[in-house]
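Trainee: Below you'll find start14.txt; it's compact mmCIF, C-alpha atoms.
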# COMPACT_ATOMS: atom_id res chain seq x y z
CA MET A 1 133.63 2.57 65.78
CA MET A 2 135.28 4.54 68.59
CA THR A 3 133.96 4.45 72.09
CA ALA A 4 133.21 7.66 73.98
CA ALA A 5 136.39 7.25 76.03
CA GLU A 6 138.48 6.67 72.91
CA LEU A 7 136.94 9.74 71.32
CA GLN A 8 137.72 11.86 74.38
CA ALA A 9 141.32 10.62 74.32
CA ARG A 10 141.58 11.41 70.61
CA ILE A 11 140.21 14.94 71.16
CA ALA A 12 142.67 15.55 74.01
CA GLU A 13 145.45 14.36 71.70
CA LEU A 14 144.31 16.72 68.93
CA LYS A 15 144.15 19.62 71.40
CA SER A 16 147.72 18.93 72.56
CA THR A 17 148.92 18.84 68.97
CA ALA A 18 147.00 22.03 68.08
CA ALA A 19 148.54 23.85 71.05
CA THR A 20 151.99 23.26 69.58
CA LEU A 21 151.10 24.91 66.25
CA PRO A 22 152.16 28.49 65.54
CA PRO A 23 149.44 31.20 65.58
CA PRO A 24 147.03 31.76 63.88
CA ASP A 25 146.84 28.04 62.88
CA LYS A 26 146.85 27.11 66.54
CA PHE A 27 143.70 29.18 67.31
CA GLU A 28 141.90 28.07 64.19
CA ARG A 29 142.63 24.41 64.90
CA ILE A 30 141.59 24.75 68.55
CA ASP A 31 138.33 26.39 67.47
CA GLN A 32 137.66 23.50 65.08
CA ILE A 33 138.22 21.01 67.88
CA LEU A 34 135.98 22.94 70.28
CA ASP A 35 133.30 23.10 67.58
CA LEU A 36 133.60 19.33 67.15
CA GLU A 37 133.27 18.86 70.90
CA GLN A 38 130.10 20.97 70.93
CA GLU A 39 128.66 18.90 68.12
CA LEU A 40 129.53 15.68 69.93
CA ALA A 41 127.94 16.94 73.16
CA GLY A 42 124.68 17.21 71.24
CA LYS A 43 124.85 13.47 70.59
CA ASP A 44 125.09 12.39 74.22
CA LEU A 45 121.56 10.98 74.20
CA ASP A 46 121.78 9.38 70.76
CA ASP A 47 122.77 5.93 72.08
CA ILE A 48 119.80 5.72 74.46
CA ALA A 49 117.35 7.08 71.90
CA GLU A 50 118.67 4.71 69.24
CA LYS A 51 118.36 1.74 71.57
CA LEU A 52 114.75 2.63 72.37
CA LYS A 53 113.89 2.88 68.68
CA GLY A 54 114.24 -0.90 68.60
CA GLN A 55 111.40 -1.15 71.12
CA GLN A 56 108.52 -2.83 69.32
CA LEU A 57 105.21 -2.62 71.09
CA PRO A 58 101.80 -3.94 70.10
CA ASP A 59 99.42 -1.50 68.50
CA ALA A 60 97.27 0.03 71.27
CA SER A 61 94.29 0.54 68.95
CA GLU A 62 94.43 -3.15 67.97
CA ILE A 63 94.38 -4.15 71.64
CA ASP A 64 91.46 -1.77 72.24
CA ALA A 65 89.54 -3.31 69.34
CA LYS A 66 90.13 -6.84 70.63
CA ILE A 67 89.10 -5.83 74.16
CA ALA A 68 85.89 -4.29 72.78
CA GLN A 69 85.16 -7.46 70.76
CA ALA A 70 85.78 -9.66 73.79
CA LYS A 71 83.51 -7.51 75.98
CA THR A 72 80.74 -7.72 73.38
CA ALA A 73 81.15 -11.50 73.16
CA MET A 74 81.11 -11.76 76.96
CA ALA A 75 77.92 -9.73 77.16
CA ALA A 76 76.32 -12.04 74.58
CA GLN A 77 77.55 -15.06 76.53
CA GLN A 78 76.01 -13.70 79.73
CA GLN A 79 72.72 -13.17 77.94
CA ARG A 80 72.80 -16.82 76.84
CA VAL A 81 73.56 -17.91 80.40
CA GLN A 82 70.70 -15.79 81.74
CA ALA A 83 68.35 -17.20 79.11
CA PHE A 84 69.45 -20.74 79.93
CA ASP A 85 69.01 -20.11 83.66
CA TRP A 86 65.56 -18.64 83.07
CA VAL A 87 64.44 -21.66 81.04
CA TYR A 88 66.03 -23.98 83.57
CA GLY A 89 64.19 -22.16 86.39
CA VAL A 90 60.87 -22.48 84.59
CA VAL A 91 61.41 -26.18 83.90
CA LYS A 92 62.44 -26.72 87.51
CA ARG A 93 59.31 -25.03 88.81
CA VAL A 94 56.86 -26.65 86.38
CA VAL A 95 58.24 -30.16 86.31
CA GLY A 96 59.50 -30.12 89.87
CA LEU A 97 62.89 -31.23 88.70
CA LEU A 98 65.33 -32.10 91.49
CA MET B 1 71.99 -46.94 93.22
CA ARG B 2 70.74 -46.19 89.69
CA ARG B 3 69.96 -42.58 90.70
CA VAL B 4 73.47 -42.18 92.05
CA LEU B 5 74.96 -43.49 88.84
CA VAL B 6 72.77 -41.15 86.76
CA MET B 7 73.93 -38.21 88.88
CA VAL B 8 77.57 -39.21 88.52
CA VAL B 9 77.22 -39.49 84.73
CA LEU B 10 75.38 -36.15 84.61
CA ALA B 11 78.08 -34.58 86.77
CA ALA B 12 80.77 -35.87 84.44
CA ALA B 13 78.86 -34.49 81.45
CA LEU B 14 78.57 -31.06 83.06
CA ALA B 15 82.12 -31.04 84.35
CA GLY B 16 83.30 -29.21 81.24
CA CYS B 17 80.93 -26.30 81.86
CA GLY B 18 82.73 -24.82 84.84
CA THR B 19 86.10 -23.13 85.13
CA PRO B 20 88.40 -24.88 87.62
CA PRO B 21 88.92 -22.71 90.71
CA GLU B 22 92.70 -23.00 90.30
CA VAL B 23 92.40 -21.37 86.87
CA LYS B 24 90.28 -18.56 88.31
CA THR B 25 92.77 -18.08 91.13
CA LEU B 26 95.69 -18.00 88.68
CA SER B 27 93.87 -15.49 86.50
CA THR B 28 93.21 -13.19 89.45
CA ALA B 29 96.81 -13.59 90.58
CA GLN B 30 97.98 -12.74 87.08
CA VAL B 31 96.11 -9.42 87.33
CA GLY B 32 98.21 -8.69 90.41
CA TYR B 33 101.44 -9.95 88.83
CA LEU B 34 100.92 -7.74 85.80
CA LYS B 35 100.22 -4.74 88.04
CA GLN B 36 103.49 -5.36 89.92
CA ALA B 37 105.46 -5.86 86.71
CA SER B 38 103.87 -2.74 85.23
CA ASP B 39 104.77 -0.69 88.30
CA ALA B 40 108.36 -1.97 88.08
CA VAL B 41 108.57 -1.09 84.39
CA MET B 42 107.21 2.38 85.17
CA LEU B 43 109.84 2.87 87.86
CA GLN B 44 112.57 1.83 85.43
CA SER B 45 111.20 4.20 82.80
CA GLU B 46 111.19 7.04 85.31
CA ALA B 47 114.76 6.16 86.30
CA LEU B 48 115.79 6.15 82.64
CA LEU B 49 114.17 9.57 82.13
CA LEU B 50 115.94 10.90 85.22
CA ALA B 51 119.28 9.62 83.92
CA ALA B 52 118.59 10.97 80.43
CA GLY B 53 117.63 14.33 81.94
CA LYS B 54 120.91 14.42 83.83
CA VAL B 55 122.91 13.51 80.70
CA LYS B 56 121.05 16.27 78.82
CA ALA B 57 121.73 18.87 81.52
CA ASP B 58 125.41 17.88 81.70
CA ALA B 59 125.75 18.05 77.92
CA GLU B 60 124.07 21.47 77.81
CA ALA B 61 126.43 22.74 80.50
CA ARG B 62 129.38 21.34 78.54
CA ILE B 63 128.15 23.06 75.37
CA ASP B 64 127.94 26.37 77.27
CA ALA B 65 131.42 25.85 78.71
CA LEU B 66 132.77 25.09 75.22
CA THR B 67 131.11 28.25 73.90
CA GLN B 68 132.96 30.15 76.62
CA GLN B 69 136.24 28.42 75.68
CA ARG B 70 135.73 29.30 72.02
CA GLY B 71 135.17 32.94 73.01
CA ASP B 72 138.41 32.93 74.98
CA ASN B 73 140.17 31.30 72.01
CA PHE B 74 138.86 34.05 69.68
CA LYS B 75 140.13 36.75 72.05
CA ALA B 76 143.58 35.14 72.14
CA TRP B 77 143.49 34.74 68.36
CA LEU B 78 142.63 38.45 67.81
CA LYS B 79 145.30 39.51 70.25
CA SER B 80 147.84 37.33 68.52
CA SER B 81 146.81 38.09 64.90
CA PRO B 82 144.76 41.31 64.57
CA ALA B 83 144.91 40.89 60.79
CA ASP B 84 142.57 37.87 61.12
CA ALA B 85 139.83 40.05 62.63
CA ASP B 86 137.33 39.43 59.82
CA THR B 87 137.82 35.66 59.98
CA VAL B 88 137.57 35.63 63.77
CA ILE B 89 134.43 37.78 63.77
CA ASP B 90 132.78 35.48 61.20
CA LYS B 91 133.66 32.42 63.25
CA ALA B 92 132.55 34.06 66.50
CA MET B 93 129.17 34.90 64.96
CA ALA B 94 128.74 31.26 63.91
CA VAL B 95 129.58 29.82 67.34
CA GLY B 96 125.97 29.95 68.44
CA THR B 97 124.91 27.85 65.46
CA THR B 98 126.67 24.67 66.60
CA ALA B 99 125.70 25.24 70.23
CA THR B 100 122.05 25.77 69.34
CA ALA B 101 121.96 22.82 66.94
CA SER B 102 123.52 20.56 69.58
CA LYS B 103 121.04 21.65 72.24
CA GLU B 104 118.17 21.10 69.80
CA THR B 105 119.46 17.60 69.05
CA LEU B 106 119.61 16.85 72.78
CA ALA B 107 116.05 18.11 73.26
CA ALA B 108 114.82 16.04 70.31
CA ARG B 109 116.47 12.87 71.61
CA TYR B 110 115.11 13.47 75.09
CA ALA B 111 111.62 13.87 73.60
CA GLU B 112 112.06 10.55 71.76
CA ILE B 113 113.06 8.83 75.01
CA GLU B 114 110.03 10.36 76.76
CA ALA B 115 107.77 9.15 73.94
CA SER B 116 109.20 5.63 74.21
CA ALA B 117 108.57 5.60 77.96
CA ALA B 118 105.01 6.84 77.44
CA ALA B 119 104.36 4.16 74.79
CA LEU B 120 105.63 1.48 77.14
CA LYS B 121 103.44 2.82 79.93
CA GLN B 122 100.41 2.73 77.65
CA THR B 123 101.16 -0.84 76.56
CA MET B 124 101.53 -2.05 80.12
CA ALA B 125 98.18 -0.45 80.99
CA LYS B 126 96.58 -2.17 77.98
CA LEU B 127 98.04 -5.55 78.99
CA GLN B 128 96.54 -5.10 82.44
CA GLU B 129 93.20 -4.23 80.88
CA VAL B 130 93.33 -7.36 78.69
CA GLN B 131 94.01 -9.55 81.70
CA GLN B 132 91.19 -7.88 83.66
CA VAL B 133 88.76 -8.66 80.84
CA LEU B 134 89.95 -12.29 80.68
CA ASP B 135 89.70 -12.52 84.46
CA ALA B 136 86.17 -11.14 84.41
CA TYR B 137 85.22 -13.77 81.81
CA LEU B 138 86.74 -16.61 83.82
CA HIS B 139 84.81 -15.49 86.87
CA SER B 140 81.52 -15.00 85.03
CA GLU B 141 78.87 -17.71 85.20
CA GLN B 142 79.11 -20.28 82.43
CA LEU B 143 76.30 -22.22 80.79
CA GLY B 144 75.15 -25.08 82.98
CA GLU B 145 76.69 -23.86 86.22
CA SER B 146 73.24 -23.27 87.72
CA VAL B 147 72.37 -26.92 87.04
CA MET B 148 75.59 -28.04 88.67
CA ARG B 149 74.89 -25.89 91.71
CA ASP B 150 71.45 -27.44 92.09
CA LEU B 151 72.83 -30.93 91.65
CA PHE B 152 75.79 -30.68 93.96
CA GLY B 153 75.64 -27.35 95.73
CA SER B 154 78.93 -26.41 94.11
CA ALA B 155 79.67 -24.79 90.79
CA THR B 156 83.26 -25.87 90.74
CA VAL B 157 84.52 -28.93 88.97
CA GLN B 158 86.63 -29.94 91.92
CA GLY B 159 83.69 -29.60 94.28
CA LEU B 160 81.56 -31.50 91.83
CA LEU B 161 84.00 -34.36 91.51
CA ALA B 162 84.45 -34.48 95.28
CA LYS B 163 80.70 -34.81 95.68
CA ALA B 164 80.58 -37.50 93.01
CA GLY B 165 83.44 -39.35 94.68
CA GLY B 166 81.65 -39.09 98.01
CA LEU B 167 78.47 -40.50 96.53
CA VAL B 168 80.32 -43.43 95.02
CA SER B 169 82.15 -44.26 98.27
CA ASP B 170 78.89 -43.92 100.25
CA THR B 171 77.27 -46.35 97.84
CA VAL B 172 80.15 -48.78 98.19
CA ASP B 173 79.93 -48.49 101.99
CA ILE B 174 76.20 -49.17 101.96
CA ALA B 175 76.67 -52.14 99.62
CA GLY B 176 79.39 -53.48 101.88
CA LYS B 177 77.22 -53.13 104.98
CA LEU B 178 74.32 -54.84 103.25
CA ARG B 179 76.62 -57.68 102.22
CA THR B 180 77.85 -58.07 105.80
CA GLN B 181 74.33 -58.03 107.18
CA ASN B 182 73.26 -60.53 104.55
CA THR B 183 76.12 -62.86 105.46
CA ALA B 184 75.28 -62.56 109.17
CA LEU B 185 71.62 -63.27 108.55
CA THR B 186 72.50 -66.30 106.40
CA ALA B 187 74.76 -67.62 109.15
CA GLN B 188 72.04 -67.06 111.76
CA GLY B 189 69.56 -68.98 109.57
CA GLU B 190 71.92 -71.90 109.17
CA ASN B 191 72.62 -72.02 112.89
CA ALA B 192 68.91 -71.99 113.68
With the file now loaded, output its structure as structure tokens.
Mentor:
Amino acid sequence: MMTAAELQARIAELKSTAATLPPPDKFERIDQILDLEQELAGKDLDDIAEKLKGQQLPDASEIDAKIAQAKTAMAAQQQRVQAFDWVYGVVKRVVGLL
Amino acid sequence: MRRVLVMVVLAAALAGCGTPPEVKTLSTAQVGYLKQASDAVMLQSEALLLAAGKVKADAEARIDALTQQRGDNFKAWLKSSPADADTVIDKAMAVGTTATASKETLAARYAEIEASAAALKQTMAKLQEVQQVLDAYLHSEQLGESVMRDLFGSATVQGLLAKAGGLVSDTVDIAGKLRTQNTALTAQGENA
């Protein structure tokens, strides 16, 4: 596969060759080359976009679901802690523990 | 002595209930690290978008310049070969097609790059949120911490172990002093 620089060099070479042709072939050939250049200009961002297509990211909705599950579990855990502390407080008061 | 030993054993049993302070500190630091990394990634994404925008603008300008060159080429062609007028007019009318298609391709690719940057930004924000939730859990009170606080005045394992260690060394000191006093008393008795 040609690099951008190689492609530019090849286009310049084609243009030079086309300029040596007799009319009307010369103009037709030059127009074809210019058309090709326009098409290529439209692909200037293709490399970057193609590279970024390989970017694999975790599913945001899956992360959200796991966060929600964890928050629910944490809330339940805190309720257990509060219940334990309440019972512990009662025992401490009644029995005079510690 | 027996009470001290009971407390040490109880402390060891409850040691698993608390989160070590170093872990909590690391977790909180990780929230900051992720924020910094996220900010850096965002800056790089913005830089990439700036560069892509410049490439797009340059390409669009080149497409316009090429359209101009093709127009000049058609004029020269007509001047040179008036008999090709129909062909030249057909080609001239189609010039806009390639230019428009190329500009549309550029716009589509730029939109894809923008979407990739936005997806990365969203992921980084989610990762921060995950770490914040984990951090909140690590800093929340765990079962048995209230008992540990009452026992040792510290909910941390390190604090708890330090207290236990202190109690053991105090006990050893007291035992040593008693042994010394006992030896001195025995010697005094023998002398008398």
Trainee: Give me, as JSON lines, each residue of chain A that comes within 8 Å of chain B, together with its shortest interatomic pair and the distance in Å at one decimal, counting only C-alpha atoms, with rows ordered by chain and rising residue number.
Mentor:
{"residue": "A:Pro23", "atom": "CA", "partner": "B:Ser80", "partner_atom": "CA", "distance": 7.0}
{"residue": "A:Pro24", "atom": "CA", "partner": "B:Ser81", "partner_atom": "CA", "distance": 6.4}
{"residue": "A:Phe27", "atom": "CA", "partner": "B:Trp77", "partner_atom": "CA", "distance": 5.7}
{"residue": "A:Ile30", "atom": "CA", "partner": "B:Asn73", "partner_atom": "CA", "distance": 7.5}
{"residue": "A:Asp31", "atom": "CA", "partner": "B:Arg70", "partner_atom": "CA", "distance": 6.0}
{"residue": "A:Leu34", "atom": "CA", "partner": "B:Leu66", "partner_atom": "CA", "distance": 6.3}
{"residue": "A:Asp35", "atom": "CA", "partner": "B:Thr98", "partner_atom": "CA", "distance": 6.9}
{"residue": "A:Glu37", "atom": "CA", "partner": "B:Leu66", "partner_atom": "CA", "distance": 7.6}
{"residue": "A:Gln38", "atom": "CA", "partner": "B:Ile63", "partner_atom": "CA", "distance": 5.3}
{"residue": "A:Glu39", "atom": "CA", "partner": "B:Ser102", "partner_atom": "CA", "distance": 5.6}
{"residue": "A:Leu40", "atom": "CA", "partner": "B:Ser102", "partner_atom": "CA", "distance": 7.7}
{"residue": "A:Ala41", "atom": "CA", "partner": "B:Ala59", "partner_atom": "CA", "distance": 5.4}
{"residue": "A:Gly42", "atom": "CA", "partner": "B:Ser102", "partner_atom": "CA", "distance": 3.9}
{"residue": "A:Lys43", "atom": "CA", "partner": "B:Leu106", "partner_atom": "CA", "distance": 6.6}
{"residue": "A:Asp44", "atom": "CA", "partner": "B:Ala59", "partner_atom": "CA", "distance": 6.8}
{"residue": "A:Leu45", "atom": "CA", "partner": "B:Arg109", "partner_atom": "CA", "distance": 6.0}
{"residue": "A:Asp46", "atom": "CA", "partner": "B:Arg109", "partner_atom": "CA", "distance": 6.4}
{"residue": "A:Ile48", "atom": "CA", "partner": "B:Ile113", "partner_atom": "CA", "distance": 7.4}
{"residue": "A:Ala49", "atom": "CA", "partner": "B:Ile113", "partner_atom": "CA", "distance": 5.6}
{"residue": "A:Leu52", "atom": "CA", "partner": "B:Ser116", "partner_atom": "CA", "distance": 6.6}
{"residue": "A:Lys53", "atom": "CA", "partner": "B:Ser116", "partner_atom": "CA", "distance": 7.8}
{"residue": "A:Gln55", "atom": "CA", "partner": "B:Ser116", "partner_atom": "CA", "distance": 7.8}
{"residue": "A:Leu57", "atom": "CA", "partner": "B:Thr123", "partner_atom": "CA", "distance": 7.0}
{"residue": "A:Pro58", "atom": "CA", "partner": "B:Thr123", "partner_atom": "CA", "distance": 7.2}
{"residue": "A:Ala60", "atom": "CA", "partner": "B:Thr123", "partner_atom": "CA", "distance": 6.6}
{"residue": "A:Ile63", "atom": "CA", "partner": "B:Lys126", "partner_atom": "CA", "distance": 7.0}
{"residue": "A:Asp64", "atom": "CA", "partner": "B:Lys126", "partner_atom": "CA", "distance": 7.7}
{"residue": "A:Ile67", "atom": "CA", "partner": "B:Val130", "partner_atom": "CA", "distance": 6.4}
{"residue": "A:Ala70", "atom": "CA", "partner": "B:Val133", "partner_atom": "CA", "distance": 7.7}
{"residue": "A:Lys71", "atom": "CA", "partner": "B:Val133", "partner_atom": "CA", "distance": 7.2}
{"residue": "A:Met74", "atom": "CA", "partner": "B:Tyr137", "partner_atom": "CA", "distance": 6.7}
{"residue": "A:Gln78", "atom": "CA", "partner": "B:Glu141", "partner_atom": "CA", "distance": 7.4}
{"residue": "A:Arg80", "atom": "CA", "partner": "B:Leu143", "partner_atom": "CA", "distance": 7.6}
{"residue": "A:Val81", "atom": "CA", "partner": "B:Leu143", "partner_atom": "CA", "distance": 5.1}
{"residue": "A:Phe84", "atom": "CA", "partner": "B:Leu143", "partner_atom": "CA", "distance": 7.1}
{"residue": "A:Asp85", "atom": "CA", "partner": "B:Ser146", "partner_atom": "CA", "distance": 6.7}
{"residue": "A:Tyr88", "atom": "CA", "partner": "B:Val147", "partner_atom": "CA", "distance": 7.8}
{"residue": "A:Leu98", "atom": "CA", "partner": "B:Leu151", "partner_atom": "CA", "distance": 7.6}
Trainee: Using all atoms listed in the file, find all polymer residues with an atom at most 10 Å away from the point (104.1, 1.5, 84.5); report them as a PyMOL selection string.
Mentor: chain B and resi 34-46+117-118+120-125
Trainee: Mind giving me the straight-line distance from CA of Ala29 (chain B) to CA of Ala68 (chain A) in Å, one decimal?
Mentor: 22.9 Å
Trainee: CA of Ala12 (chain A) and CA of Gln32 (chain A) are how many Å apart?
Mentor: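 That distance, rounded to one decimal, is 13.0 Å.
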Trainee: Just to confirm, what's the straight-line distance from CA of Glu28 (chain A) to CA of Lys15 (chain A) in Å (one decimal)?
Mentor: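 If I compute the distance from CA of Glu28 (chain A) to CA of Lys15 (chain A), I get 11.3 Å.
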Trainee: With all heavy atoms as the atom set, please write region 68-79 of chain A from the structure just given, as a PDB file, in the first residue's frame.
Mentor:
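Writing the result to result-v1.pdb gives the following:
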ATOM      1  N   ALA A  68     -25.410   0.654  40.066  1.00  0.00           N
ATOM      2  CA  ALA A  68     -26.705   0.647  40.757  1.00  0.00           C
ATOM      3  C   ALA A  68     -26.801  -0.553  41.703  1.00  0.00           C
ATOM      4  O   ALA A  68     -27.235  -0.413  42.857  1.00  0.00           O
ATOM      5  CB  ALA A  68     -27.833   0.618  39.737  1.00  0.00           C
ATOM      6  N   GLN A  69     -26.329  -1.727  41.242  1.00  0.00           N
ATOM      7  CA  GLN A  69     -26.362  -2.931  42.082  1.00  0.00           C
ATOM      8  C   GLN A  69     -25.479  -2.750  43.321  1.00  0.00           C
ATOM      9  O   GLN A  69     -25.857  -3.111  44.431  1.00  0.00           O
ATOM     10  CB  GLN A  69     -25.873  -4.141  41.283  1.00  0.00           C
ATOM     11  CG  GLN A  69     -26.898  -4.656  40.280  1.00  0.00           C
ATOM     12  CD  GLN A  69     -26.297  -5.676  39.323  1.00  0.00           C
ATOM     13  OE1 GLN A  69     -25.121  -6.017  39.399  1.00  0.00           O
ATOM     14  NE2 GLN A  69     -27.111  -6.160  38.405  1.00  0.00           N
ATOM     15  N   ALA A  70     -24.297  -2.178  43.087  1.00  0.00           N
ATOM     16  CA  ALA A  70     -23.362  -1.970  44.197  1.00  0.00           C
ATOM     17  C   ALA A  70     -23.940  -0.995  45.216  1.00  0.00           C
ATOM     18  O   ALA A  70     -23.818  -1.194  46.427  1.00  0.00           O
ATOM     19  CB  ALA A  70     -22.029  -1.452  43.662  1.00  0.00           C
ATOM     20  N   LYS A  71     -24.595   0.071  44.715  1.00  0.00           N
ATOM     21  CA  LYS A  71     -25.179   1.066  45.633  1.00  0.00           C
ATOM     22  C   LYS A  71     -26.301   0.439  46.461  1.00  0.00           C
ATOM     23  O   LYS A  71     -26.429   0.712  47.650  1.00  0.00           O
ATOM     24  CB  LYS A  71     -25.706   2.264  44.834  1.00  0.00           C
ATOM     25  CG  LYS A  71     -24.596   3.222  44.409  1.00  0.00           C
ATOM     26  CD  LYS A  71     -25.160   4.412  43.681  1.00  0.00           C
ATOM     27  CE  LYS A  71     -24.062   5.426  43.360  1.00  0.00           C
ATOM     28  NZ  LYS A  71     -24.546   6.519  42.523  1.00  0.00           N
ATOM     29  N   THR A  72     -27.089  -0.418  45.819  1.00  0.00           N
ATOM     30  CA  THR A  72     -28.170  -1.107  46.542  1.00  0.00           C
ATOM     31  C   THR A  72     -27.581  -2.015  47.619  1.00  0.00           C
ATOM     32  O   THR A  72     -28.046  -2.031  48.762  1.00  0.00           O
ATOM     33  CB  THR A  72     -29.013  -1.957  45.552  1.00  0.00           C
ATOM     34  OG1 THR A  72     -29.464  -1.106  44.513  1.00  0.00           O
ATOM     35  CG2 THR A  72     -30.194  -2.597  46.237  1.00  0.00           C
ATOM     36  N   ALA A  73     -26.535  -2.757  47.244  1.00  0.00           N
ATOM     37  CA  ALA A  73     -25.886  -3.662  48.195  1.00  0.00           C
ATOM     38  C   ALA A  73     -25.258  -2.877  49.346  1.00  0.00           C
ATOM     39  O   ALA A  73     -25.310  -3.297  50.507  1.00  0.00           O
ATOM     40  CB  ALA A  73     -24.824  -4.485  47.476  1.00  0.00           C
ATOM     41  N   MET A  74     -24.694  -1.716  49.027  1.00  0.00           N
ATOM     42  CA  MET A  74     -24.081  -0.881  50.079  1.00  0.00           C
ATOM     43  C   MET A  74     -25.130  -0.362  51.043  1.00  0.00           C
ATOM     44  O   MET A  74     -24.902  -0.303  52.253  1.00  0.00           O
ATOM     45  CB  MET A  74     -23.325   0.287  49.434  1.00  0.00           C
ATOM     46  CG  MET A  74     -21.949  -0.097  48.920  1.00  0.00           C
ATOM     47  SD  MET A  74     -21.235   1.175  47.857  1.00  0.00           S
ATOM     48  CE  MET A  74     -21.105   2.549  48.976  1.00  0.00           C
ATOM     49  N   ALA A  75     -26.282   0.029  50.481  1.00  0.00           N
ATOM     50  CA  ALA A  75     -27.366   0.527  51.334  1.00  0.00           C
ATOM     51  C   ALA A  75     -27.840  -0.588  52.268  1.00  0.00           C
ATOM     52  O   ALA A  75     -28.061  -0.351  53.468  1.00  0.00           O
ATOM     53  CB  ALA A  75     -28.519   1.023  50.466  1.00  0.00           C
ATOM     54  N   ALA A  76     -27.938  -1.804  51.743  1.00  0.00           N
ATOM     55  CA  ALA A  76     -28.359  -2.949  52.558  1.00  0.00           C
ATOM     56  C   ALA A  76     -27.312  -3.221  53.641  1.00  0.00           C
ATOM     57  O   ALA A  76     -27.645  -3.502  54.797  1.00  0.00           O
ATOM     58  CB  ALA A  76     -28.534  -4.175  51.673  1.00  0.00           C
ATOM     59  N   GLN A  77     -26.051  -3.118  53.254  1.00  0.00           N
ATOM     60  CA  GLN A  77     -24.953  -3.339  54.196  1.00  0.00           C
ATOM     61  C   GLN A  77     -25.018  -2.314  55.331  1.00  0.00           C
ATOM     62  O   GLN A  77     -24.838  -2.653  56.492  1.00  0.00           O
ATOM     63  CB  GLN A  77     -23.617  -3.247  53.451  1.00  0.00           C
ATOM     64  CG  GLN A  77     -22.386  -3.076  54.306  1.00  0.00           C
ATOM     65  CD  GLN A  77     -21.896  -4.400  54.864  1.00  0.00           C
ATOM     66  OE1 GLN A  77     -22.598  -5.405  54.773  1.00  0.00           O
ATOM     67  NE2 GLN A  77     -20.737  -4.402  55.465  1.00  0.00           N
ATOM     68  N   GLN A  78     -25.284  -1.060  54.974  1.00  0.00           N
ATOM     69  CA  GLN A  78     -25.365  -0.009  55.998  1.00  0.00           C
ATOM     70  C   GLN A  78     -26.530  -0.243  56.940  1.00  0.00           C
ATOM     71  O   GLN A  78     -26.448   0.051  58.134  1.00  0.00           O
ATOM     72  CB  GLN A  78     -25.466   1.375  55.332  1.00  0.00           C
ATOM     73  CG  GLN A  78     -24.131   1.911  54.840  1.00  0.00           C
ATOM     74  CD  GLN A  78     -23.022   1.798  55.878  1.00  0.00           C
ATOM     75  OE1 GLN A  78     -23.094   2.399  56.945  1.00  0.00           O
ATOM     76  NE2 GLN A  78     -22.003   0.992  55.594  1.00  0.00           N
ATOM     77  N   GLN A  79     -27.633  -0.779  56.372  1.00  0.00           N
ATOM     78  CA  GLN A  79     -28.778  -1.093  57.236  1.00  0.00           C
ATOM     79  C   GLN A  79     -28.397  -2.189  58.232  1.00  0.00           C
ATOM     80  O   GLN A  79     -28.767  -2.129  59.400  1.00  0.00           O
ATOM     81  CB  GLN A  79     -29.964  -1.558  56.388  1.00  0.00           C
ATOM     82  CG  GLN A  79     -30.698  -0.379  55.739  1.00  0.00           C
ATOM     83  CD  GLN A  79     -31.905  -0.835  54.931  1.00  0.00           C
ATOM     84  OE1 GLN A  79     -32.040  -2.016  54.611  1.00  0.00           O
ATOM     85  NE2 GLN A  79     -32.772   0.099  54.602  1.00  0.00           N
TER      86      GLN A  79
END
